[in-house]
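Trainee: To be precise about what I am sending: the file is called work-v3.csv and holds CSV, N, CA and C atoms.
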chain,number,residue,atom,x,y,z
A,573,MET,N,0.9,-1.2,0.0
A,573,MET,CA,0.0,0.0,0.0
A,573,MET,C,0.9,1.2,0.0
A,574,THR,N,0.6,2.2,-0.8
A,574,THR,CA,1.4,3.4,-0.9
A,574,THR,C,1.1,4.4,0.2
A,575,LEU,N,2.0,5.3,0.4
A,575,LEU,CA,1.7,6.4,1.4
A,575,LEU,C,0.5,7.1,1.0
A,576,PHE,N,0.2,7.4,-0.3
A,576,PHE,CA,-0.9,8.1,-0.7
A,576,PHE,C,-2.2,7.3,-0.3
A,577,ASN,N,-2.2,6.0,-0.5
A,577,ASN,CA,-3.4,5.2,-0.1
A,577,ASN,C,-3.6,5.2,1.4
A,578,VAL,N,-2.5,5.1,2.1
A,578,VAL,CA,-2.6,5.1,3.6
A,578,VAL,C,-3.2,6.4,4.0
A,579,TYR,N,-2.8,7.5,3.4
A,579,TYR,CA,-3.3,8.9,3.7
A,579,TYR,C,-4.8,8.8,3.5
A,580,ARG,N,-5.3,8.3,2.3
A,580,ARG,CA,-6.7,8.3,2.0
A,580,ARG,C,-7.5,7.5,3.0
A,581,VAL,N,-7.0,6.4,3.4
A,581,VAL,CA,-7.8,5.5,4.3
A,581,VAL,C,-7.8,6.3,5.7
A,582,LEU,N,-6.7,6.8,6.1
A,582,LEU,CA,-6.7,7.5,7.4
A,582,LEU,C,-7.6,8.7,7.4
A,583,ALA,N,-7.6,9.4,6.3
A,583,ALA,CA,-8.5,10.6,6.2
A,583,ALA,C,-10.0,10.2,6.3
A,584,ILE,N,-10.4,9.2,5.7
A,584,ILE,CA,-11.8,8.7,5.8
A,584,ILE,C,-12.1,8.3,7.2
A,585,VAL,N,-11.2,7.5,7.8
A,585,VAL,CA,-11.4,7.0,9.1
A,585,VAL,C,-11.5,8.1,10.1
A,586,VAL,N,-10.6,9.0,10.1
A,586,VAL,CA,-10.6,10.2,11.0
A,586,VAL,C,-11.8,11.0,10.8
A,587,GLY,N,-12.3,11.2,9.5
A,587,GLY,CA,-13.5,12.0,9.2
A,587,GLY,C,-14.7,11.3,9.8
A,588,VAL,N,-14.8,10.0,9.6
A,588,VAL,CA,-16.0,9.3,10.1
A,588,VAL,C,-16.1,9.3,11.6
A,589,LEU,N,-14.9,9.1,12.2
A,589,LEU,CA,-14.9,9.1,13.7
A,589,LEU,C,-15.2,10.5,14.2
A,590,LEU,N,-14.7,11.6,13.6
A,590,LEU,CA,-15.0,12.9,14.1
A,590,LEU,C,-16.4,13.3,13.9
A,591,ALA,N,-17.0,12.8,12.7
A,591,ALA,CA,-18.4,13.1,12.5
A,591,ALA,C,-19.3,12.4,13.5
A,592,ILE,N,-19.0,11.1,13.8
A,592,ILE,CA,-19.8,10.4,14.8
A,592,ILE,C,-19.7,11.1,16.2
A,593,CYS,N,-18.5,11.4,16.5
A,593,CYS,CA,-18.3,12.0,17.8
A,593,CYS,C,-18.9,13.4,18.0
A,594,SER,N,-18.8,14.2,17.0
A,594,SER,CA,-19.3,15.6,17.1
A,594,SER,C,-20.7,15.7,16.8
A,595,LEU,N,-21.2,14.9,15.9
A,595,LEU,CA,-22.6,15.0,15.4
A,595,LEU,C,-23.6,14.1,16.1
A,596,VAL,N,-23.1,13.0,16.8
A,596,VAL,CA,-23.9,12.1,17.4
A,596,VAL,C,-23.6,12.0,18.9
A,597,ALA,N,-22.4,11.6,19.3
A,597,ALA,CA,-22.0,11.4,20.7
A,597,ALA,C,-22.2,12.7,21.5
A,598,LEU,N,-21.6,13.8,21.0
A,598,LEU,CA,-21.7,15.0,21.8
A,598,LEU,C,-23.1,15.5,22.1
A,599,PRO,N,-23.9,15.6,21.0
A,599,PRO,CA,-25.3,16.1,21.3
A,599,PRO,C,-26.1,15.1,22.2
A,600,LEU,N,-25.9,13.8,22.0
A,600,LEU,CA,-26.7,12.9,22.8
A,600,LEU,C,-26.2,12.9,24.3
A,601,LYS,N,-24.9,13.1,24.5
A,601,LYS,CA,-24.4,13.1,25.8
A,601,LYS,C,-24.8,14.3,26.6
A,602,TYR,N,-24.8,15.5,25.9
A,602,TYR,CA,-25.1,16.7,26.6
A,602,TYR,C,-26.5,17.3,26.4
A,603,LEU,N,-27.2,16.9,25.4
A,603,LEU,CA,-28.5,17.5,25.1
A,603,LEU,C,-29.7,16.6,25.4
A,604,ALA,N,-29.4,15.3,25.4
A,604,ALA,CA,-30.5,14.4,25.8
A,604,ALA,C,-30.9,14.5,27.2
A,605,THR,N,-32.1,14.1,27.6
A,605,THR,CA,-32.5,14.2,29.0
A,605,THR,C,-31.7,13.2,29.8
A,606,GLU,N,-31.3,13.7,31.0
A,606,GLU,CA,-30.4,12.9,31.9
A,606,GLU,C,-31.0,11.6,32.2
A,607,GLY,N,-30.2,10.5,32.1
A,607,GLY,CA,-30.7,9.2,32.5
A,607,GLY,C,-31.4,8.4,31.5
A,608,THR,N,-31.7,9.0,30.3
A,608,THR,CA,-32.4,8.3,29.3
A,608,THR,C,-31.4,7.4,28.5
A,609,GLY,N,-32.0,6.5,27.7
A,609,GLY,CA,-31.2,5.6,26.9
A,609,GLY,C,-30.3,6.3,25.9
A,610,LEU,N,-30.9,7.4,25.4
A,610,LEU,CA,-30.1,8.2,24.4
A,610,LEU,C,-28.9,8.9,25.1
A,611,GLN,N,-29.1,9.4,26.2
A,611,GLN,CA,-28.0,10.1,27.0
A,611,GLN,C,-26.9,9.1,27.4
A,612,THR,N,-27.3,7.9,27.8
A,612,THR,CA,-26.4,6.8,28.1
A,612,THR,C,-25.6,6.4,26.9
A,613,PHE,N,-26.3,6.2,25.8
A,613,PHE,CA,-25.7,5.9,24.5
A,613,PHE,C,-24.6,6.9,24.1
A,614,GLY,N,-25.0,8.2,24.3
A,614,GLY,CA,-24.0,9.3,24.0
A,614,GLY,C,-22.8,9.2,24.9
A,615,GLU,N,-23.0,8.8,26.1
A,615,GLU,CA,-21.8,8.6,27.0
A,615,GLU,C,-21.0,7.4,26.6
A,616,ASP,N,-21.7,6.3,26.3
A,616,ASP,CA,-21.0,5.1,25.9
A,616,ASP,C,-20.1,5.3,24.6
A,617,ILE,N,-20.6,6.0,23.6
A,617,ILE,CA,-19.9,6.1,22.4
A,617,ILE,C,-18.9,7.3,22.5
A,618,SER,N,-18.8,8.0,23.6
A,618,SER,CA,-17.8,9.1,23.7
A,618,SER,C,-16.4,8.5,23.7
A,619,ILE,N,-16.2,7.2,24.0
A,619,ILE,CA,-14.9,6.6,23.9
A,619,ILE,C,-14.3,6.8,22.5
A,620,LEU,N,-15.1,7.0,21.5
A,620,LEU,CA,-14.6,7.2,20.2
A,620,LEU,C,-13.8,8.5,20.0
A,621,TRP,N,-13.9,9.4,20.9
A,621,TRP,CA,-13.1,10.6,20.9
A,621,TRP,C,-11.6,10.2,21.1
A,622,LEU,N,-11.4,9.2,22.0
A,622,LEU,CA,-10.1,8.7,22.3
A,622,LEU,C,-9.5,8.0,21.1
A,623,VAL,N,-10.3,7.2,20.4
A,623,VAL,CA,-9.9,6.5,19.2
A,623,VAL,C,-9.6,7.5,18.1
A,624,HIS,N,-10.4,8.5,18.0
A,624,HIS,CA,-10.2,9.5,17.0
A,624,HIS,C,-8.8,10.2,17.3
A,625,GLY,N,-8.6,10.5,18.5
A,625,GLY,CA,-7.3,11.2,18.9
A,625,GLY,C,-6.1,10.4,18.5
A,626,TRP,N,-6.1,9.1,18.8
A,626,TRP,CA,-4.9,8.3,18.4
A,626,TRP,C,-4.8,8.1,16.9
A,627,ILE,N,-5.9,7.9,16.2
A,627,ILE,CA,-5.8,7.8,14.8
A,627,ILE,C,-5.4,9.1,14.1
A,628,PHE,N,-5.9,10.2,14.7
A,628,PHE,CA,-5.5,11.5,14.2
A,628,PHE,C,-4.0,11.8,14.3
A,629,MET,N,-3.4,11.3,15.3
A,629,MET,CA,-1.9,11.5,15.4
A,629,MET,C,-1.2,10.8,14.3
A,630,VAL,N,-1.7,9.6,14.0
A,630,VAL,CA,-1.1,8.8,12.8
A,630,VAL,C,-1.4,9.6,11.5
A,631,TYR,N,-2.6,10.1,11.4
A,631,TYR,CA,-3.0,10.8,10.2
A,631,TYR,C,-2.0,12.1,10.0
A,632,VAL,N,-1.7,12.8,11.1
A,632,VAL,CA,-0.9,13.9,11.0
A,632,VAL,C,0.5,13.6,10.5
A,633,VAL,N,1.1,12.5,11.0
A,633,VAL,CA,2.4,12.1,10.6
A,633,VAL,C,2.4,11.7,9.1
A,634,VAL,N,1.4,10.9,8.7
A,634,VAL,CA,1.3,10.4,7.3
A,634,VAL,C,1.1,11.6,6.4
A,635,ALA,N,0.2,12.5,6.8
A,635,ALA,CA,-0.1,13.7,5.9
A,635,ALA,C,1.1,14.6,5.8
A,636,PHE,N,1.9,14.7,6.9
A,636,PHE,CA,3.1,15.5,6.8
A,636,PHE,C,4.1,14.9,5.9
A,637,VAL,N,4.3,13.6,6.0
A,637,VAL,CA,5.3,13.0,5.2
A,637,VAL,C,4.9,13.1,3.7
A,638,LEU,N,3.6,12.9,3.4
A,638,LEU,CA,3.1,13.0,2.1
A,638,LEU,C,3.3,14.4,1.6
A,639,SER,N,3.1,15.4,2.5
A,639,SER,CA,3.2,16.8,2.0
A,639,SER,C,4.6,17.1,1.7
A,640,ARG,N,5.6,16.6,2.3
A,640,ARG,CA,7.0,16.8,2.0
A,640,ARG,C,7.4,16.1,0.7
A,641,ARG,N,6.9,14.9,0.5
A,641,ARG,CA,7.2,14.2,-0.8
A,641,ARG,C,6.5,14.8,-2.0
A,642,ALA,N,5.3,15.4,-1.8
A,642,ALA,CA,4.6,16.0,-2.9
A,642,ALA,C,5.0,17.5,-3.0
A,643,GLU,N,5.8,18.0,-2.1
A,643,GLU,CA,6.3,19.4,-2.1
A,643,GLU,C,5.1,20.4,-2.1
A,644,TRP,N,4.2,20.2,-1.1
A,644,TRP,CA,3.1,21.2,-0.9
A,644,TRP,C,3.6,22.4,-0.3
A,645,THR,N,2.9,23.5,-0.4
A,645,THR,CA,3.2,24.7,0.3
A,645,THR,C,2.9,24.6,1.8
A,646,THR,N,3.5,25.4,2.6
A,646,THR,CA,3.2,25.3,4.0
A,646,THR,C,1.7,25.6,4.3
A,647,THR,N,1.1,26.5,3.7
A,647,THR,CA,-0.3,26.8,3.9
A,647,THR,C,-1.2,25.6,3.6
A,648,PHE,N,-0.9,25.0,2.4
A,648,PHE,CA,-1.7,23.8,2.0
A,648,PHE,C,-1.5,22.7,3.0
A,649,THR,N,-0.3,22.5,3.4
A,649,THR,CA,0.0,21.4,4.4
A,649,THR,C,-0.7,21.7,5.7
A,650,LEU,N,-0.8,22.9,6.2
A,650,LEU,CA,-1.5,23.2,7.4
A,650,LEU,C,-3.0,23.0,7.3
A,651,VAL,N,-3.5,23.3,6.2
A,651,VAL,CA,-5.0,23.1,5.9
A,651,VAL,C,-5.3,21.6,6.0
A,652,VAL,N,-4.4,20.8,5.3
A,652,VAL,CA,-4.6,19.3,5.4
A,652,VAL,C,-4.5,18.8,6.8
A,653,LEU,N,-3.5,19.3,7.6
A,653,LEU,CA,-3.4,18.8,8.9
A,653,LEU,C,-4.5,19.2,9.8
A,654,VAL,N,-5.0,20.4,9.7
A,654,VAL,CA,-6.1,20.9,10.5
A,654,VAL,C,-7.5,20.3,10.1
A,655,ALA,N,-7.6,19.8,8.9
A,655,ALA,CA,-8.8,19.3,8.4
A,655,ALA,C,-9.4,18.1,9.3
A,656,GLY,N,-8.5,17.4,10.0
A,656,GLY,CA,-9.0,16.3,10.8
A,656,GLY,C,-9.6,16.8,12.2
A,657,LEU,N,-9.6,18.1,12.4
A,657,LEU,CA,-10.1,18.7,13.6
A,657,LEU,C,-11.5,19.4,13.4
A,658,VAL,N,-11.9,19.6,12.1
A,658,VAL,CA,-13.1,20.3,11.8
A,658,VAL,C,-14.1,19.3,11.2
A,659,PRO,N,-15.2,19.1,11.9
A,659,PRO,CA,-16.1,18.0,11.4
A,659,PRO,C,-16.5,18.2,9.9
A,660,LEU,N,-16.4,17.2,9.2
A,660,LEU,CA,-16.8,17.1,7.8
A,660,LEU,C,-15.8,17.8,6.8
A,661,MET,N,-14.9,18.6,7.3
A,661,MET,CA,-14.0,19.3,6.4
A,661,MET,C,-13.0,18.3,5.8
A,662,ILE,N,-12.6,17.3,6.5
A,662,ILE,CA,-11.6,16.4,6.0
A,662,ILE,C,-12.1,15.7,4.7
A,663,PHE,N,-13.4,15.5,4.5
A,663,PHE,CA,-13.8,14.8,3.3
A,663,PHE,C,-13.6,15.7,2.1
A,664,TRP,N,-13.8,17.0,2.2
A,664,TRP,CA,-13.6,17.9,1.2
A,664,TRP,C,-12.1,18.1,0.9
A,665,VAL,N,-11.3,18.2,1.9
A,665,VAL,CA,-9.8,18.3,1.8
A,665,VAL,C,-9.2,17.0,1.2
A,666,GLU,N,-9.7,15.9,1.5
A,666,GLU,CA,-9.2,14.6,1.0
A,666,GLU,C,-9.4,14.6,-0.5
A,667,ARG,N,-10.6,15.1,-1.0
A,667,ARG,CA,-10.8,15.1,-2.5
A,667,ARG,C,-9.8,16.1,-3.2
A,668,ILE,N,-9.6,17.2,-2.5
A,668,ILE,CA,-8.6,18.2,-3.1
A,668,ILE,C,-7.2,17.6,-3.1
A,669,VAL,N,-6.8,16.9,-2.0
A,669,VAL,CA,-5.5,16.2,-2.0
A,669,VAL,C,-5.4,15.2,-3.1
A,670,VAL,N,-6.4,14.4,-3.3
A,670,VAL,CA,-6.4,13.3,-4.3
A,670,VAL,C,-6.1,14.0,-5.7
A,671,ALA,N,-6.9,15.0,-6.0
A,671,ALA,CA,-6.7,15.7,-7.3
A,671,ALA,C,-5.4,16.3,-7.4
A,672,LYS,N,-4.9,16.9,-6.4
A,672,LYS,CA,-3.6,17.6,-6.4
A,672,LYS,C,-2.4,16.6,-6.6
A,673,VAL,N,-2.5,15.5,-5.8
A,673,VAL,CA,-1.4,14.5,-5.9
A,673,VAL,C,-1.5,13.8,-7.3
A,674,ARG,N,-2.6,13.5,-7.8
A,674,ARG,CA,-2.7,12.9,-9.1
A,674,ARG,C,-2.3,13.8,-10.2
A,675,THR,N,-2.4,15.1,-10.1
A,675,THR,CA,-2.0,16.0,-11.1
A,675,THR,C,-0.5,16.4,-10.9
A,676,GLU,N,-0.1,16.7,-9.7
A,676,GLU,CA,1.2,17.3,-9.5
A,676,GLU,C,2.3,16.3,-9.2
A,677,ALA,N,1.9,15.1,-8.6
A,677,ALA,CA,2.9,14.1,-8.2
A,677,ALA,C,2.3,12.7,-8.5
A,678,PRO,N,2.0,12.4,-9.7
A,678,PRO,CA,1.4,11.1,-10.0
A,678,PRO,C,2.3,9.9,-9.6
A,679,ASP,N,3.6,10.1,-9.5
A,679,ASP,CA,4.5,9.0,-9.1
A,679,ASP,C,4.2,8.5,-7.6
A,680,LEU,N,3.6,9.4,-6.8
A,680,LEU,CA,3.2,9.0,-5.4
A,680,LEU,C,2.0,8.1,-5.4
A,681,THR,N,1.2,8.0,-6.4
A,681,THR,CA,0.0,7.2,-6.4
A,681,THR,C,0.2,5.8,-6.8
A,682,SER,N,1.4,5.5,-7.4
A,682,SER,CA,1.6,4.1,-7.9
A,682,SER,C,2.5,3.3,-7.0
A,683,ASP,N,2.4,2.0,-7.1
A,683,ASP,CA,3.2,1.1,-6.3
A,683,ASP,C,4.6,1.0,-6.8
A,684,ALA,N,4.9,1.7,-7.9
A,684,ALA,CA,6.3,1.6,-8.5
A,684,ALA,C,7.3,2.3,-7.6
A,685,GLN,N,6.9,3.2,-6.7
A,685,GLN,CA,7.8,3.9,-5.9
A,685,GLN,C,8.1,3.2,-4.6
A,686,ARG,N,7.4,2.1,-4.3
A,686,ARG,CA,7.6,1.4,-3.0
A,686,ARG,C,8.9,0.6,-3.1
A,687,PRO,N,9.6,0.6,-2.0
A,687,PRO,CA,10.9,-0.2,-1.9
A,687,PRO,C,10.5,-1.7,-2.0
A,688,ALA,N,11.3,-2.5,-2.6
A,688,ALA,CA,11.1,-3.9,-2.7
A,688,ALA,C,11.2,-4.6,-1.3
A,689,SER,N,10.4,-5.6,-1.1
A,689,SER,CA,10.5,-6.3,0.2
A,689,SER,C,11.8,-7.1,0.3
A,690,LEU,N,12.2,-7.2,1.5
A,690,LEU,CA,13.5,-7.9,1.7
A,690,LEU,C,13.3,-9.5,1.8
A,691,GLY,N,12.0,-9.9,1.8
A,691,GLY,CA,11.8,-11.3,2.0
A,691,GLY,C,11.7,-12.1,0.8
Can you present the structure in this file as C-alpha coordinates?
Mentor:
Amino acid sequence: MTLFNVYRVLAIVVGVLLAICSLVALPLKYLATEGTGLQTFGEDISILWLVHGWIFMVYVVVAFVLSRRAEWTTTFTLVVLVAGLVPLMIFWVERIVVAKVRTEAPDLTSDAQRPASLG
(Lines of atoms letter the chains of each structure in order from A and count residues from 1; the text may use other names and numbers.)
(Lines give C-alpha, C1' and ligand atoms only; values in the text may rest on other atoms or scores of the structure.)
Protein backbone atom coordinates (compact mmCIF):
# COMPACT_ATOMS: atom_id res chain seq x y z
CA MET A 1 0.00 0.00 0.00
CA THR A 2 1.41 3.39 -0.95
CA LEU A 3 1.74 6.38 1.37
CA PHE A 4 -0.95 8.06 -0.74
CA ASN A 5 -3.40 5.20 -0.14
CA VAL A 6 -2.59 5.12 3.58
CA TYR A 7 -3.34 8.86 3.70
CA ARG A 8 -6.69 8.33 1.96
CA VAL A 9 -7.77 5.55 4.34
CA LEU A 10 -6.70 7.50 7.41
CA ALA A 11 -8.49 10.63 6.18
CA ILE A 12 -11.77 8.74 5.78
CA VAL A 13 -11.44 6.96 9.14
CA VAL A 14 -10.58 10.20 10.97
CA GLY A 15 -13.46 11.98 9.22
CA VAL A 16 -16.02 9.31 10.07
CA LEU A 17 -14.90 9.13 13.70
CA LEU A 18 -14.98 12.91 14.08
CA ALA A 19 -18.43 13.10 12.47
CA ILE A 20 -19.81 10.41 14.78
CA CYS A 21 -18.26 12.00 17.85
CA SER A 22 -19.26 15.59 17.14
CA LEU A 23 -22.63 15.04 15.44
CA VAL A 24 -23.93 12.05 17.43
CA ALA A 25 -22.04 11.40 20.68
CA LEU A 26 -21.67 15.00 21.81
CA PRO A 27 -25.32 16.07 21.29
CA LEU A 28 -26.67 12.88 22.83
CA LYS A 29 -24.39 13.09 25.84
CA TYR A 30 -25.11 16.73 26.65
CA LEU A 31 -28.49 17.54 25.10
CA ALA A 32 -30.52 14.38 25.75
CA THR A 33 -32.52 14.15 28.97
CA GLU A 34 -30.40 12.95 31.87
CA GLY A 35 -30.69 9.22 32.52
CA THR A 36 -32.41 8.31 29.25
CA GLY A 37 -31.18 5.60 26.94
CA LEU A 38 -30.07 8.20 24.39
CA GLN A 39 -28.01 10.08 26.95
CA THR A 40 -26.41 6.84 28.12
CA PHE A 41 -25.68 5.86 24.53
CA GLY A 42 -24.02 9.26 24.01
CA GLU A 43 -21.82 8.64 27.05
CA ASP A 44 -20.98 5.11 25.90
CA ILE A 45 -19.85 6.10 22.40
CA SER A 46 -17.84 9.05 23.71
CA ILE A 47 -14.91 6.62 23.90
CA LEU A 48 -14.63 7.20 20.15
CA TRP A 49 -13.06 10.60 20.95
CA LEU A 50 -10.07 8.70 22.29
CA VAL A 51 -9.93 6.47 19.22
CA HIS A 52 -10.17 9.53 16.97
CA GLY A 53 -7.31 11.19 18.85
CA TRP A 54 -4.94 8.25 18.43
CA ILE A 55 -5.76 7.76 14.76
CA PHE A 56 -5.55 11.52 14.18
CA MET A 57 -1.94 11.49 15.43
CA VAL A 58 -1.07 8.83 12.85
CA TYR A 59 -2.95 10.85 10.21
CA VAL A 60 -0.88 13.95 11.02
CA VAL A 61 2.40 12.07 10.59
CA VAL A 62 1.32 10.43 7.33
CA ALA A 63 -0.11 13.67 5.92
CA PHE A 64 3.07 15.54 6.84
CA VAL A 65 5.32 12.96 5.16
CA LEU A 66 3.07 13.02 2.08
CA SER A 67 3.21 16.83 2.05
CA ARG A 68 7.02 16.78 2.00
CA ARG A 69 7.16 14.19 -0.78
CA ALA A 70 4.56 16.04 -2.86
CA GLU A 71 6.26 19.39 -2.11
CA TRP A 72 3.13 21.19 -0.95
CA THR A 73 3.22 24.74 0.31
CA THR A 74 3.22 25.33 4.05
CA THR A 75 -0.28 26.82 3.88
CA PHE A 76 -1.74 23.83 2.04
CA THR A 77 0.02 21.44 4.43
CA LEU A 78 -1.49 23.22 7.44
CA VAL A 79 -4.98 23.08 5.92
CA VAL A 80 -4.58 19.33 5.36
CA LEU A 81 -3.36 18.81 8.93
CA VAL A 82 -6.13 20.90 10.52
CA ALA A 83 -8.84 19.26 8.40
CA GLY A 84 -9.01 16.35 10.83
CA LEU A 85 -10.14 18.69 13.60
CA VAL A 86 -13.10 20.32 11.81
CA PRO A 87 -16.13 18.04 11.41
CA LEU A 88 -16.79 17.06 7.77
CA MET A 89 -14.00 19.30 6.42
CA ILE A 90 -11.64 16.37 6.00
CA PHE A 91 -13.83 14.80 3.32
CA TRP A 92 -13.60 17.94 1.17
CA VAL A 93 -9.84 18.31 1.78
CA GLU A 94 -9.23 14.63 0.96
CA ARG A 95 -10.82 15.13 -2.47
CA ILE A 96 -8.60 18.17 -3.08
CA VAL A 97 -5.51 16.24 -1.99
CA VAL A 98 -6.37 13.34 -4.32
CA ALA A 99 -6.75 15.69 -7.27
CA LYS A 100 -3.58 17.60 -6.38
CA VAL A 101 -1.41 14.50 -5.95
CA ARG A 102 -2.74 12.86 -9.11
CA THR A 103 -2.02 16.04 -11.07
CA GLU A 104 1.22 17.29 -9.53
CA ALA A 105 2.87 14.12 -8.19
CA PRO A 106 1.41 11.08 -9.99
CA ASP A 107 4.46 9.02 -9.06
CA LEU A 108 3.22 9.03 -5.43
CA THR A 109 0.01 7.25 -6.42
CA SER A 110 1.62 4.15 -7.92
CA ASP A 111 3.19 1.11 -6.30
CA ALA A 112 6.28 1.60 -8.48
CA GLN A 113 7.83 3.92 -5.89
CA ARG A 114 7.62 1.43 -3.05
CA PRO A 115 10.85 -0.20 -1.95
CA ALA A 116 11.10 -3.91 -2.70
CA SER A 117 10.47 -6.32 0.16
CA LEU A 118 13.49 -7.95 1.69
CA GLY A 119 11.76 -11.29 2.01
Trainee: Report, in Å with one decimal, the straight-line distance from atom C of Leu589 in chain A to atom N of Ser682 in chain A.
Mentor: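 So the answer is 27.7 Å.
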Trainee: So what do you get for CA of Leu575 in chain A versus CA of Gly625 in chain A, distance-wise?
Mentor: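 For CA of Leu575 in chain A relative to CA of Gly625 in chain A, the distance reads 20.3 Å.
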Trainee: Excluding range 626-629 of chain A and any residue of its chain fewer than 2 positions from it, enumerate the residues within 8 Å of it, using only N, CA and C atoms, and give them as a list in words.
Mentor: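 Listed by chain and then number, they are Leu582, Val585, Val586, Leu620, Trp621, Leu622, Val623, His624, Tyr631, Val632, Val633, Val634, Ala635, Gly656 and Leu657 of chain A.
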Trainee: Please report the interatomic distance between atom C of Val630 in chain A and CA of Ser618 in chain A in Å with one decimal.
Mentor: 20.4 Å
Trainee: Could you name the residues that touch Arg667 in chain A at 12 Å or less, counting only C-alpha atoms, but leaving out those on the same chain fewer than 4 positions away, as a PyMOL selection string?
Mentor: chain A and resi 579-580+583-584+652+655+661-663+671-674
